[in-house]
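So this block is model_1.pdb, PDB, C-alpha atoms:
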```pdb
ATOM      1  CA  MET A 166       1.531  -2.667 -20.994
ATOM      2  CA  TRP A 167      -0.096  -5.821 -19.624
ATOM      3  CA  GLU A 168      -1.678  -6.807 -22.960
ATOM      4  CA  SER A 169      -1.001 -10.474 -22.169
ATOM      5  CA  PHE A 170      -1.156 -10.235 -18.413
ATOM      6  CA  GLU A 171      -1.146 -13.684 -16.878
ATOM      7  CA  HIS A 172      -0.233 -12.873 -13.308
ATOM      8  CA  ARG A 173      -2.375 -12.816 -10.204
ATOM      9  CA  ALA A 174      -1.980 -11.640  -6.624
ATOM     10  CA  GLU A 175      -3.227 -13.863  -3.816
ATOM     11  CA  PRO A 176      -2.706 -14.413  -0.091
ATOM     12  CA  LEU A 177       0.518 -16.223   0.787
ATOM     13  CA  THR A 178       0.014 -19.872   1.733
ATOM     14  CA  ALA A 179       2.294 -22.786   2.545
ATOM     15  CA  SER A 180       1.918 -24.024  -1.038
ATOM     16  CA  HIS A 181       3.853 -21.083  -2.486
ATOM     17  CA  ASP A 182       7.536 -21.723  -3.147
ATOM     18  CA  ARG A 183       9.264 -18.609  -1.865
ATOM     19  CA  THR A 184      12.809 -19.963  -1.797
ATOM     20  CA  THR A 185      13.704 -18.849  -5.323
ATOM     21  CA  PHE A 186      12.492 -15.272  -4.894
ATOM     22  CA  HIS A 187      15.236 -12.656  -5.176
ATOM     23  CA  SER A 188      14.586  -8.944  -5.320
ATOM     24  CA  SER A 189      18.238  -7.862  -4.890
ATOM     25  CA  VAL A 190      17.303  -6.314  -1.528
ATOM     26  CA  PRO A 191      18.481  -8.828   1.112
ATOM     27  CA  GLU A 192      16.124  -7.486   3.797
ATOM     28  CA  LEU A 193      13.075  -7.979   1.577
ATOM     29  CA  ASP A 194      14.217 -11.438   0.443
ATOM     30  CA  ARG A 195      14.930 -12.559   3.989
ATOM     31  CA  TYR A 196      11.482 -11.435   5.100
ATOM     32  CA  LEU A 197       9.696 -13.474   2.448
ATOM     33  CA  HIS A 198      11.928 -16.537   2.898
ATOM     34  CA  GLN A 199      11.917 -16.656   6.691
ATOM     35  CA  GLN A 200       9.308 -14.418   8.283
ATOM     36  CA  ALA A 201       6.274 -13.901   6.061
ATOM     37  CA  GLY A 202       4.721 -17.334   6.664
ATOM     38  CA  GLN A 203       5.014 -16.932  10.407
ATOM     39  CA  ASP A 204       3.541 -13.419  10.286
ATOM     40  CA  ALA A 205       0.601 -14.750   8.267
ATOM     41  CA  ARG A 206      -0.036 -17.601  10.712
ATOM     42  CA  ARG A 207       0.121 -15.231  13.671
ATOM     43  CA  ARG A 208      -2.060 -12.682  11.883
ATOM     44  CA  VAL A 209       0.414  -9.872  12.516
ATOM     45  CA  ALA A 210       0.719  -9.121   8.797
ATOM     46  CA  ALA A 211      -1.122 -10.287   5.711
ATOM     47  CA  PRO A 212       1.387 -11.138   2.960
ATOM     48  CA  PHE A 213       0.170 -11.324  -0.636
ATOM     49  CA  VAL A 214       2.233 -12.817  -3.448
ATOM     50  CA  LEU A 215       2.273 -12.122  -7.160
ATOM     51  CA  ILE A 216       2.190 -15.399  -9.053
ATOM     52  CA  GLY A 217       3.409 -15.800 -12.618
ATOM     53  CA  HIS A 218       1.946 -18.180 -15.184
ATOM     54  CA  THR A 219       4.505 -20.842 -14.171
ATOM     55  CA  GLY A 220       3.408 -20.613 -10.541
ATOM     56  CA  SER A 221       6.571 -18.901  -9.345
ATOM     57  CA  VAL A 222       6.502 -15.982  -6.913
ATOM     58  CA  LEU A 223       7.349 -12.768  -8.780
ATOM     59  CA  GLY A 224       6.672 -10.297  -5.988
ATOM     60  CA  TYR A 225       4.933  -9.684  -2.711
ATOM     61  CA  TYR A 226       3.570  -7.095  -0.343
ATOM     62  CA  THR A 227       2.201  -7.023   3.195
ATOM     63  CA  LEU A 228      -0.773  -5.254   4.753
ATOM     64  CA  SER A 229      -1.425  -4.630   8.447
ATOM     65  CA  ALA A 230      -3.746  -2.596  10.611
ATOM     66  CA  TYR A 231      -2.057   0.590  11.724
ATOM     67  CA  SER A 232      -2.693   3.595  13.936
ATOM     68  CA  VAL A 233      -1.789   7.192  13.332
ATOM     69  CA  HIS A 234      -1.355   9.152  16.520
ATOM     70  CA  LEU A 235      -2.365  12.737  15.972
ATOM     71  CA  ALA A 236      -0.804  15.704  17.653
ATOM     72  CA  GLU A 237      -3.055  18.454  18.936
ATOM     73  CA  LEU A 238      -4.903  20.057  16.121
ATOM     74  CA  ALA A 239      -6.145  23.568  15.644
ATOM     75  CA  ASP A 240      -9.763  23.791  16.829
ATOM     76  CA  ALA A 241     -11.120  24.389  13.337
ATOM     77  CA  ILE A 242      -9.736  21.072  12.112
ATOM     78  CA  ALA A 243     -10.142  19.126  15.346
ATOM     79  CA  ARG A 244     -13.880  19.807  15.350
ATOM     80  CA  LYS A 245     -14.249  17.892  12.103
ATOM     81  CA  LEU A 246     -12.458  14.755  13.250
ATOM     82  CA  PRO A 247     -13.453  12.107  15.782
ATOM     83  CA  ARG A 248     -12.258  12.988  19.250
ATOM     84  CA  TYR A 249      -9.747  10.161  19.412
ATOM     85  CA  PRO A 250      -5.993  10.628  19.402
ATOM     86  CA  LEU A 251      -5.638   7.584  17.136
ATOM     87  CA  LEU A 252      -6.918   7.275  13.597
ATOM     88  CA  PRO A 253      -7.122   3.849  11.964
ATOM     89  CA  ALA A 254      -5.041   3.313   8.849
ATOM     90  CA  THR A 255      -3.618   0.481   6.768
ATOM     91  CA  LEU A 256       0.118  -0.124   6.615
ATOM     92  CA  LEU A 257       1.669  -1.281   3.365
ATOM     93  CA  GLY A 258       4.787  -2.535   5.080
ATOM     94  CA  ARG A 259       6.813  -4.139   2.288
ATOM     95  CA  LEU A 260       6.544  -4.379  -1.450
ATOM     96  CA  ALA A 261       9.094  -6.163  -3.621
ATOM     97  CA  ILE A 262       9.427  -7.453  -7.184
ATOM     98  CA  ALA A 263      11.840 -10.164  -8.320
ATOM     99  CA  SER A 264      14.854  -8.477  -9.865
ATOM    100  CA  SER A 265      14.474 -10.489 -13.091
ATOM    101  CA  TYR A 266      10.970  -9.028 -13.572
ATOM    102  CA  ARG A 267      11.818  -5.363 -13.095
ATOM    103  CA  GLY A 268      10.712  -2.930 -15.777
ATOM    104  CA  GLN A 269       7.406  -4.693 -16.476
ATOM    105  CA  ASN A 270       5.228  -2.462 -14.310
ATOM    106  CA  LEU A 271       4.607  -5.305 -11.885
ATOM    107  CA  GLY A 272       5.386  -3.013  -8.957
ATOM    108  CA  ARG A 273       2.581  -0.755 -10.092
ATOM    109  CA  PHE A 274       0.242  -3.742 -10.382
ATOM    110  CA  LEU A 275       1.111  -4.909  -6.862
ATOM    111  CA  LEU A 276       0.665  -1.407  -5.469
ATOM    112  CA  MET A 277      -2.772  -1.154  -7.067
ATOM    113  CA  ASP A 278      -3.672  -4.588  -5.728
ATOM    114  CA  ALA A 279      -2.672  -3.441  -2.228
ATOM    115  CA  LEU A 280      -4.695  -0.222  -2.528
ATOM    116  CA  TYR A 281      -7.696  -2.047  -3.971
ATOM    117  CA  ARG A 282      -7.703  -4.628  -1.156
ATOM    118  CA  SER A 283      -7.212  -1.886   1.449
ATOM    119  CA  TRP A 284     -10.140   0.095   0.071
ATOM    120  CA  LYS A 285     -12.432  -2.933  -0.250
ATOM    121  CA  ASN A 286     -11.622  -3.933   3.310
ATOM    122  CA  THR A 287     -12.928  -0.622   4.690
ATOM    123  CA  SER A 288     -16.471  -1.943   4.341
ATOM    124  CA  GLN A 289     -15.530  -4.313   7.199
ATOM    125  CA  VAL A 290     -12.811  -2.472   9.112
ATOM    126  CA  ALA A 291     -12.413   1.306   8.974
ATOM    127  CA  SER A 292      -9.213   2.833   7.661
ATOM    128  CA  ALA A 293      -8.633   6.500   6.856
ATOM    129  CA  GLY A 294      -5.743   5.921   4.491
ATOM    130  CA  VAL A 295      -2.769   3.823   3.500
ATOM    131  CA  VAL A 296       0.662   4.482   4.978
ATOM    132  CA  VAL A 297       3.746   3.045   3.302
ATOM    133  CA  GLU A 298       7.285   2.587   4.518
ATOM    134  CA  ALA A 299       9.752   3.393   1.757
ATOM    135  CA  LEU A 300      12.985   1.458   2.113
ATOM    136  CA  ASP A 301      15.096   3.833   0.015
ATOM    137  CA  GLU A 302      14.969   6.851  -2.284
ATOM    138  CA  ASN A 303      13.832   4.777  -5.289
ATOM    139  CA  ALA A 304      10.896   3.408  -3.332
ATOM    140  CA  ARG A 305      10.045   6.898  -2.108
ATOM    141  CA  ALA A 306      10.073   8.224  -5.668
ATOM    142  CA  PHE A 307       7.837   5.324  -6.735
ATOM    143  CA  TYR A 308       5.208   6.153  -4.119
ATOM    144  CA  LEU A 309       5.382   9.892  -4.763
ATOM    145  CA  HIS A 310       4.869   9.175  -8.475
ATOM    146  CA  HIS A 311       1.712   7.280  -7.521
ATOM    147  CA  GLU A 312       0.423  10.331  -5.643
ATOM    148  CA  PHE A 313       1.297   9.469  -2.061
ATOM    149  CA  GLN A 314       2.190  12.421   0.150
ATOM    150  CA  SER A 315       5.339  12.473   2.199
ATOM    151  CA  MET A 316       5.490  13.417   5.864
ATOM    152  CA  ALA A 317       7.838  16.177   6.876
ATOM    153  CA  ASN A 318       9.457  14.524   9.877
ATOM    154  CA  HIS A 319       9.153  10.908   8.726
ATOM    155  CA  PRO A 320      10.768  10.895   5.281
ATOM    156  CA  ASP A 321      10.431   7.122   4.975
ATOM    157  CA  LYS A 322       6.656   7.267   5.564
ATOM    158  CA  LEU A 323       4.143   8.376   2.962
ATOM    159  CA  PHE A 324       0.367   8.220   2.896
ATOM    160  CA  ILE A 325      -2.660   8.490   0.686
ATOM    161  CA  ALA A 326      -6.231   9.080   1.850
ATOM    162  CA  MET A 327      -8.685   6.198   1.432
ATOM    163  CA  ALA A 328     -11.150   8.583  -0.219
ATOM    164  CA  THR A 329      -8.561   9.329  -2.912
ATOM    165  CA  ILE A 330      -8.062   5.597  -3.480
ATOM    166  CA  GLN A 331     -11.811   5.098  -3.696
ATOM    167  CA  LYS A 332     -12.187   7.862  -6.287
ATOM    168  CA  ALA A 333      -9.353   6.383  -8.350
ATOM    169  CA  PHE A 334     -11.023   2.973  -8.512
ATOM    170  CA  GLN A 335     -14.479   4.391  -9.123
ATOM    171  CA  ALA A 336     -13.377   6.746 -11.912
ATOM    172  CA  ARG A 337     -14.454   5.772 -15.431
TER     173      ARG A 337
ATOM    174  CA  MET U 222       2.058   3.071  15.370
ATOM    175  CA  LEU U 223       3.053   6.245  13.632
ATOM    176  CA  ILE U 224       3.297   9.283  15.893
ATOM    177  CA  LEU U 225       2.876  12.484  13.963
ATOM    178  CA  THR U 226       4.201  15.911  14.744
ATOM    179  CA  ALA U 227       1.796  18.854  14.800
ATOM    180  CA  ARG U 228       2.742  19.831  11.246
ATOM    181  CA  GLU U 229       2.328  16.268   9.969
ATOM    182  CA  THR U 230      -0.949  15.893  11.810
ATOM    183  CA  GLU U 231      -2.318  18.944  10.070
ATOM    184  CA  ALA U 232      -1.274  17.608   6.657
ATOM    185  CA  PHE U 233      -2.737  14.187   7.446
ATOM    186  CA  ALA U 234      -6.001  15.658   8.757
ATOM    187  CA  ASN U 235      -6.336  17.897   5.718
ATOM    188  CA  ALA U 236      -5.771  14.935   3.402
ATOM    189  CA  ILE U 237      -8.579  13.055   5.135
ATOM    190  CA  LEU U 238     -11.002  15.965   5.447
ATOM    191  CA  SER U 239     -10.334  17.292   1.945
ATOM    192  CA  PRO U 240      -9.013  14.283   0.054
ATOM    193  CA  ALA U 241      -7.165  15.034  -3.142
ATOM    194  CA  LYS U 242      -8.789  13.960  -6.366
ATOM    195  CA  PRO U 243      -6.743  11.195  -7.937
ATOM    196  CA  GLY U 244      -4.445  12.519 -10.634
ATOM    197  CA  PRO U 245      -3.829  10.986 -14.051
ATOM    198  CA  VAL U 246      -1.119   8.563 -12.885
ATOM    199  CA  LEU U 247      -3.242   7.039 -10.137
ATOM    200  CA  ARG U 248      -6.396   6.973 -12.255
ATOM    201  CA  LYS U 249      -4.630   5.199 -15.107
ATOM    202  CA  ALA U 250      -2.965   2.710 -12.783
ATOM    203  CA  ALA U 251      -6.331   1.938 -11.149
ATOM    204  CA  ARG U 252      -8.057   1.618 -14.542
ATOM    205  CA  ASP U 253      -5.350  -0.740 -15.847
ATOM    206  CA  TYR U 254      -5.558  -2.787 -12.678
ATOM    207  CA  ARG U 255      -9.322  -3.180 -12.968
ATOM    208  CA  GLN U 256      -9.031  -4.234 -16.593
ATOM    209  CA  LYS U 257      -6.394  -6.851 -15.806
ATOM    210  CA  THR U 258      -8.239  -8.248 -12.830
ATOM    211  CA  ALA U 259     -11.778  -7.811 -14.146
ATOM    212  CA  THR U 260     -12.753  -6.044 -10.933
ATOM    213  CA  GLY U 261     -14.568  -3.291 -12.789
TER     214      GLY U 261
END
```
What would you get if you wrote out this structure as structure tokens?
Amino acid sequence: MWESFEHRAEPLTASHDRTTFHSSVPELDRYLHQQAGQDARRRVAAPFVLIGHTGSVLGYYTLSAYSVHLAELADAIARKLPRYPLLPATLLGRLAIASSYRGQNLGRFLLMDALYRSWKNTSQVASAGVVVEALDENARAFYLHHEFQSMANHPDKLFIAMATIQKAFQAR
Amino acid sequence: MLILTARETEAFANAILSPAKPGPVLRKAARDYRQKTATG
């Protein structure tokens, strides 16, 4: 796959035409059409778009700073962690591919782009892992396939440790 | 903010303190990504 890969992921700007993007999930389409630009300007989320060779938007995802509030831990584990109730993480809030481009592994490419950016960013801002919000069972299966772990009481949330991401990108 | 239960906190803490080695799916996806983006 990707032998003639001509796509690139880049931060969303006003120059990107988002109006023709359709993923077949109205919530995800509405976000990109109406909300993503505003979120980017307000710095509440960082949207990135996947651009095809014609310049059209084929997909997108968003990244945000996130906090994981820990419950009380057993002493043996708690001793090894910072004594803060909150751990910094990165939220992969949305990820969508245009329905006409499904089946080309572009979702995997966008996910890897999100993980790569999240990992690279930890040299500037600490993050212990990436948390994703899965919109439905298909999305959940997609993230589990890519080695995220699910959370028992938050079935729509999955995570992967930043150290695991780092090892994946540093492996030869 | 994500508020974890005690059981989830333990799983999350373990994943951070003893991070899993990436498996074949994640390694291959990362390798393909680096090739396509020339980040390696």
Find the residues near Asp204 of chain A: any atom within 12 Å, counting all atoms listed in the file, skip ones fewer than 5 places away on the same chain, and give them as an MDAnalysis selection string.
chainID A and resid 177:178 196:199 209:213 227:229
What are the residues of chain U lining chain A at 7 Å or less? Count only C-alpha atoms, and put the answer as a count of residues only.
23
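Atom CA of Ser189 of chain A lies 16.8 Å from atom CA of Val214 of chain A.
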If we count all atoms listed in the file and set the cut-off at 9 Å, which residues sit around segment 181-186 of chain A, ignoring sequence neighbours fewer than 4 positions away in its own chain? Please answer as a PDB file with C-alpha atoms, keeping the file's coordinate frame.
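Written file, result03.pdb:
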```pdb
ATOM      1  CA  LEU A 177       0.518 -16.223   0.787  1.00  0.00           C
ATOM      2  CA  ASP A 194      14.217 -11.438   0.443  1.00  0.00           C
ATOM      3  CA  LEU A 197       9.696 -13.474   2.448  1.00  0.00           C
ATOM      4  CA  HIS A 198      11.928 -16.537   2.898  1.00  0.00           C
ATOM      5  CA  VAL A 214       2.233 -12.817  -3.448  1.00  0.00           C
ATOM      6  CA  ILE A 216       2.190 -15.399  -9.053  1.00  0.00           C
ATOM      7  CA  GLY A 220       3.408 -20.613 -10.541  1.00  0.00           C
ATOM      8  CA  SER A 221       6.571 -18.901  -9.345  1.00  0.00           C
ATOM      9  CA  VAL A 222       6.502 -15.982  -6.913  1.00  0.00           C
ATOM     10  CA  LEU A 223       7.349 -12.768  -8.780  1.00  0.00           C
ATOM     11  CA  GLY A 224       6.672 -10.297  -5.988  1.00  0.00           C
ATOM     12  CA  ILE A 262       9.427  -7.453  -7.184  1.00  0.00           C
ATOM     13  CA  ALA A 263      11.840 -10.164  -8.320  1.00  0.00           C
ATOM     14  CA  SER A 264      14.854  -8.477  -9.865  1.00  0.00           C
TER      15      SER A 264
END
```
Atom CA of Trp284 of chain A and atom CA of Val190 of chain A, how far apart in Å?
28.2 Å
Rounded to one decimal in Å, what is the spacing between atom CA of Ala261 of chain A and atom CA of Tyr226 of chain A?
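Here the two named atoms are 6.5 Å from each other.
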Atoms added to segment 232-253 of chain U (N, CA and C atoms), reported as a compact mmCIF listing (two decimals), in the coordinates of the input:
```txt
# COMPACT_ATOMS: atom_id res chain seq x y z
N ALA U 232 -1.28 18.08 8.05
CA ALA U 232 -1.27 17.61 6.66
C ALA U 232 -2.12 16.35 6.52
N PHE U 233 -1.99 15.45 7.48
CA PHE U 233 -2.74 14.19 7.45
C PHE U 233 -4.24 14.47 7.59
N ALA U 234 -4.59 15.32 8.54
CA ALA U 234 -6.00 15.66 8.76
C ALA U 234 -6.59 16.33 7.52
N ASN U 235 -5.84 17.23 6.93
CA ASN U 235 -6.34 17.90 5.72
C ASN U 235 -6.55 16.90 4.58
N ALA U 236 -5.65 15.94 4.48
CA ALA U 236 -5.77 14.94 3.40
C ALA U 236 -7.02 14.08 3.60
N ILE U 237 -7.39 13.86 4.84
CA ILE U 237 -8.58 13.06 5.14
C ILE U 237 -9.85 13.88 4.99
N LEU U 238 -9.80 15.12 5.49
CA LEU U 238 -11.00 15.96 5.45
C LEU U 238 -11.25 16.52 4.05
N SER U 239 -10.20 16.79 3.32
CA SER U 239 -10.33 17.29 1.94
C SER U 239 -9.46 16.44 1.03
N PRO U 240 -9.88 15.20 0.81
CA PRO U 240 -9.01 14.28 0.05
C PRO U 240 -8.76 14.78 -1.37
N ALA U 241 -7.54 14.62 -1.79
CA ALA U 241 -7.16 15.03 -3.14
C ALA U 241 -7.88 14.16 -4.16
N LYS U 242 -8.26 14.77 -5.27
CA LYS U 242 -8.79 13.96 -6.37
C LYS U 242 -7.63 13.18 -6.96
N PRO U 243 -7.86 11.94 -7.34
CA PRO U 243 -6.74 11.20 -7.94
C PRO U 243 -6.30 11.85 -9.23
N GLY U 244 -5.01 11.94 -9.42
CA GLY U 244 -4.44 12.52 -10.63
C GLY U 244 -4.37 11.48 -11.75
N PRO U 245 -3.84 11.88 -12.89
CA PRO U 245 -3.83 10.99 -14.05
C PRO U 245 -3.03 9.70 -13.83
N VAL U 246 -1.94 9.77 -13.09
CA VAL U 246 -1.12 8.56 -12.88
C VAL U 246 -1.90 7.53 -12.09
N LEU U 247 -2.51 7.97 -10.99
CA LEU U 247 -3.24 7.04 -10.14
C LEU U 247 -4.50 6.53 -10.84
N ARG U 248 -5.18 7.41 -11.54
CA ARG U 248 -6.40 6.97 -12.26
C ARG U 248 -6.07 5.92 -13.31
N LYS U 249 -5.00 6.16 -14.05
CA LYS U 249 -4.63 5.20 -15.11
C LYS U 249 -4.19 3.86 -14.50
N ALA U 250 -3.42 3.95 -13.43
CA ALA U 250 -2.96 2.71 -12.78
C ALA U 250 -4.16 1.92 -12.26
N ALA U 251 -5.14 2.61 -11.67
CA ALA U 251 -6.33 1.94 -11.15
C ALA U 251 -7.16 1.34 -12.30
N ARG U 252 -7.29 2.12 -13.38
CA ARG U 252 -8.06 1.62 -14.54
C ARG U 252 -7.39 0.38 -15.13
N ASP U 253 -6.07 0.42 -15.30
CA ASP U 253 -5.35 -0.74 -15.85
C ASP U 253 -5.51 -1.95 -14.93
```
